[in-house]
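Here is the structure we will look at, set down as C-alpha cells.
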Amino acid sequence: MFAASAPYERFMGRWSRLLAPLMVKFAGVRGRDSVLDVGSGTGALSFAVAAAVPSAHVIGVDPASAYVDNANAQVTNKRIRFVVGDAQQLVFADGMFDRVVSMFAINFIPDASRALREMIRVTRRGGTIAAAVWDYGDGMQMLRIFWDEAVRRDPSIGPRDERHMPLCRLGELSAMWRAHGLEKVEEQPLEIALSFASFDDYWLPFTGGQGPVGSYVGRLPETDRDALRSLLRRRLLGDGPDRAITLRGRAWAAKGAVGA
C-alpha cells in the first residue's frame, strides 16, 4: 500500500511534514539525543528532528527501499541517515537510543505489539517512546470525507473504511503503551490545517495507489471512480465553482518512558 515515494509525497508526505514539528515537541527531543524514527517513510519526522535539534543523531528505518532512497537523497547533515528495516525485528543494540519516535506507521505494522517491544528494547532506561496515528474516525477530514462518500455509494466496503483500523481512536495508543509497561504515559491530539489549492489537489493524490484509499480507488472501474469523484466534488464544493479547500487534520499522539 505504501511503496512509491513521489505519489506518497503528494498523498500524505506533505501533511506529515506539517505535523512533524508538533511531534518533535511532543516527544521532547533534546540536544545530543540519539533518536530512532520507526516507519520513517520519506523522512518528514527525521528531518523535523534534525531541524529542531541540530545536535541530535537520527536514524530513520523503513521497510520500503524507495522511501529510504528518497530520504537519503535529501540528507545534507551527517547526523542523519536512513536504512531499510523491519520494525518488528530492529537490528539495533539494546538501549541504543534516547528516544524512539514513530509517526503514522505503527497502525500499519502487522504485529504492532512486537514492534513496540522492539522499540522498548532499543531505548535506554528512562528514554522516551512516542508515536502518532491519524484520527481516521473523525479528525482526519481528508480521509473521513472520502470514506463517508465511498460507503454511501457501496455499503459493502464498510470494513475497509479506515475508521476500523486499530490504534486510531482516543485512548488506544496510551492503553497499548501502559499494557507494555511504559511509565508516565501521556496522550494528546496534534492538529494541522490541510489546505488544498483546488478540488483536483484533493482528489488526484487518491489515484496514486498509496494506502488503503489508493488501493481502493485503483481497483474501481473507471465509471465507478468517476461517480465517486463527482460525489466528493459535490460534498466539498456543492454546485459552485472550483476553489481552494481547507480541512482539519488531527492525530492522536502518545508517549511514555521506559522503566528503570
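Labeling convention for the C-alpha cells: chains A, B, ... as they appear, residues from 1 per chain, ligands from 1 in order of appearance.
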Name the residues of region 23-195 of chain A that come out as helix (DSSP H, G or I) in a backbone DSSP run; write them as a VMD selection string. chain A and resid 23 to 27 44 to 52 65 to 74 87 to 89 106 to 108 112 to 121 141 to 153 155 to 160 162 to 164 172 to 179
How close does each residue of region 102-126 of chain A get to region 172-190 of chain A, giving the shortest atom pair and distance in Å to one decimal for every residue with an atom at most 9 Å away, counting only C-alpha atoms, sorted by chain and residue number, as CSV?
```
residue,atom,partner,partner_atom,distance
A:Ser113,CA,A:Met176,CA,8.0
A:Leu116,CA,A:His180,CA,7.9
A:Arg117,CA,A:His180,CA,7.4
A:Ile120,CA,A:Leu182,CA,8.4
A:Gly126,CA,A:Glu183,CA,8.9
```
Selected residues written out with N, CA and C atoms, as a PDB file, in the first residue's frame:
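Okay, out-v3.pdb is ready:
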```pdb
ATOM      1  N   SER A 113       2.326  -4.929  18.485  1.00  0.00           N
ATOM      2  CA  SER A 113       2.844  -5.212  19.824  1.00  0.00           C
ATOM      3  C   SER A 113       4.299  -5.658  19.758  1.00  0.00           C
ATOM      4  N   LEU A 116       6.374  -2.613  19.157  1.00  0.00           N
ATOM      5  CA  LEU A 116       6.555  -1.787  20.348  1.00  0.00           C
ATOM      6  C   LEU A 116       7.550  -2.434  21.307  1.00  0.00           C
ATOM      7  N   ARG A 117       7.521  -3.746  21.438  1.00  0.00           N
ATOM      8  CA  ARG A 117       8.513  -4.419  22.284  1.00  0.00           C
ATOM      9  C   ARG A 117       9.927  -4.162  21.765  1.00  0.00           C
ATOM     10  N   ILE A 120      10.921  -0.643  22.646  1.00  0.00           N
ATOM     11  CA  ILE A 120      11.314  -0.584  24.058  1.00  0.00           C
ATOM     12  C   ILE A 120      12.717  -1.158  24.244  1.00  0.00           C
ATOM     13  N   GLY A 126      14.692   4.966  31.041  1.00  0.00           N
ATOM     14  CA  GLY A 126      14.328   6.367  31.220  1.00  0.00           C
ATOM     15  C   GLY A 126      14.095   7.109  29.925  1.00  0.00           C
TER      16      GLY A 126
END
```
Polymer residues at most 6 Å from region 135-143 of chain A, only C-alpha atoms, same-chain spacing of 4 or more positions, as a PyMOL selection string: chain A and resi 162-163+168+247-251
Quick one: write out the picked residues with C-alpha atoms as a compact mmCIF listing (two decimals), in the first residue's frame?
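Printed below is again37.txt as written:
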```
# COMPACT_ATOMS: atom_id res chain seq x y z
CA GLU A 162 -10.03 3.31 7.86
CA ARG A 163 -12.15 4.23 10.88
CA CYS A 168 -6.65 5.40 15.68
CA LEU A 247 -9.91 20.71 6.06
CA ARG A 248 -8.78 19.64 9.52
CA GLY A 249 -6.16 17.01 10.25
CA ARG A 250 -5.96 15.54 13.74
CA ALA A 251 -3.68 12.80 15.03
```
Provide the CA of Ser198 (chain A) to CA of Ile245 (chain A) distance in Å, to one decimal place.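 Between CA of Ser198 (chain A) and CA of Ile245 (chain A) the gap works out to 6.4 Å.
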As a list of chain:residue names, please: the residues near Ser55 (chain A) (cut-off 12 Å, only C-alpha atoms, same-chain neighbours under 4 positions excluded).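 Those residues are A:Val29, A:Arg30, A:Gly31, A:Arg32, A:Asp33, A:Ser34, A:Val35, A:Val49, A:Ala50, A:Ala51, A:Asn77, A:Lys78, A:Arg79, A:Ile80.
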Interatomic distance, CA of Arg243 (chain A) to CA of Leu204 (chain A) (Å, one decimal):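 CA of Leu204 (chain A) lies 15.0 Å from CA of Arg243 (chain A).
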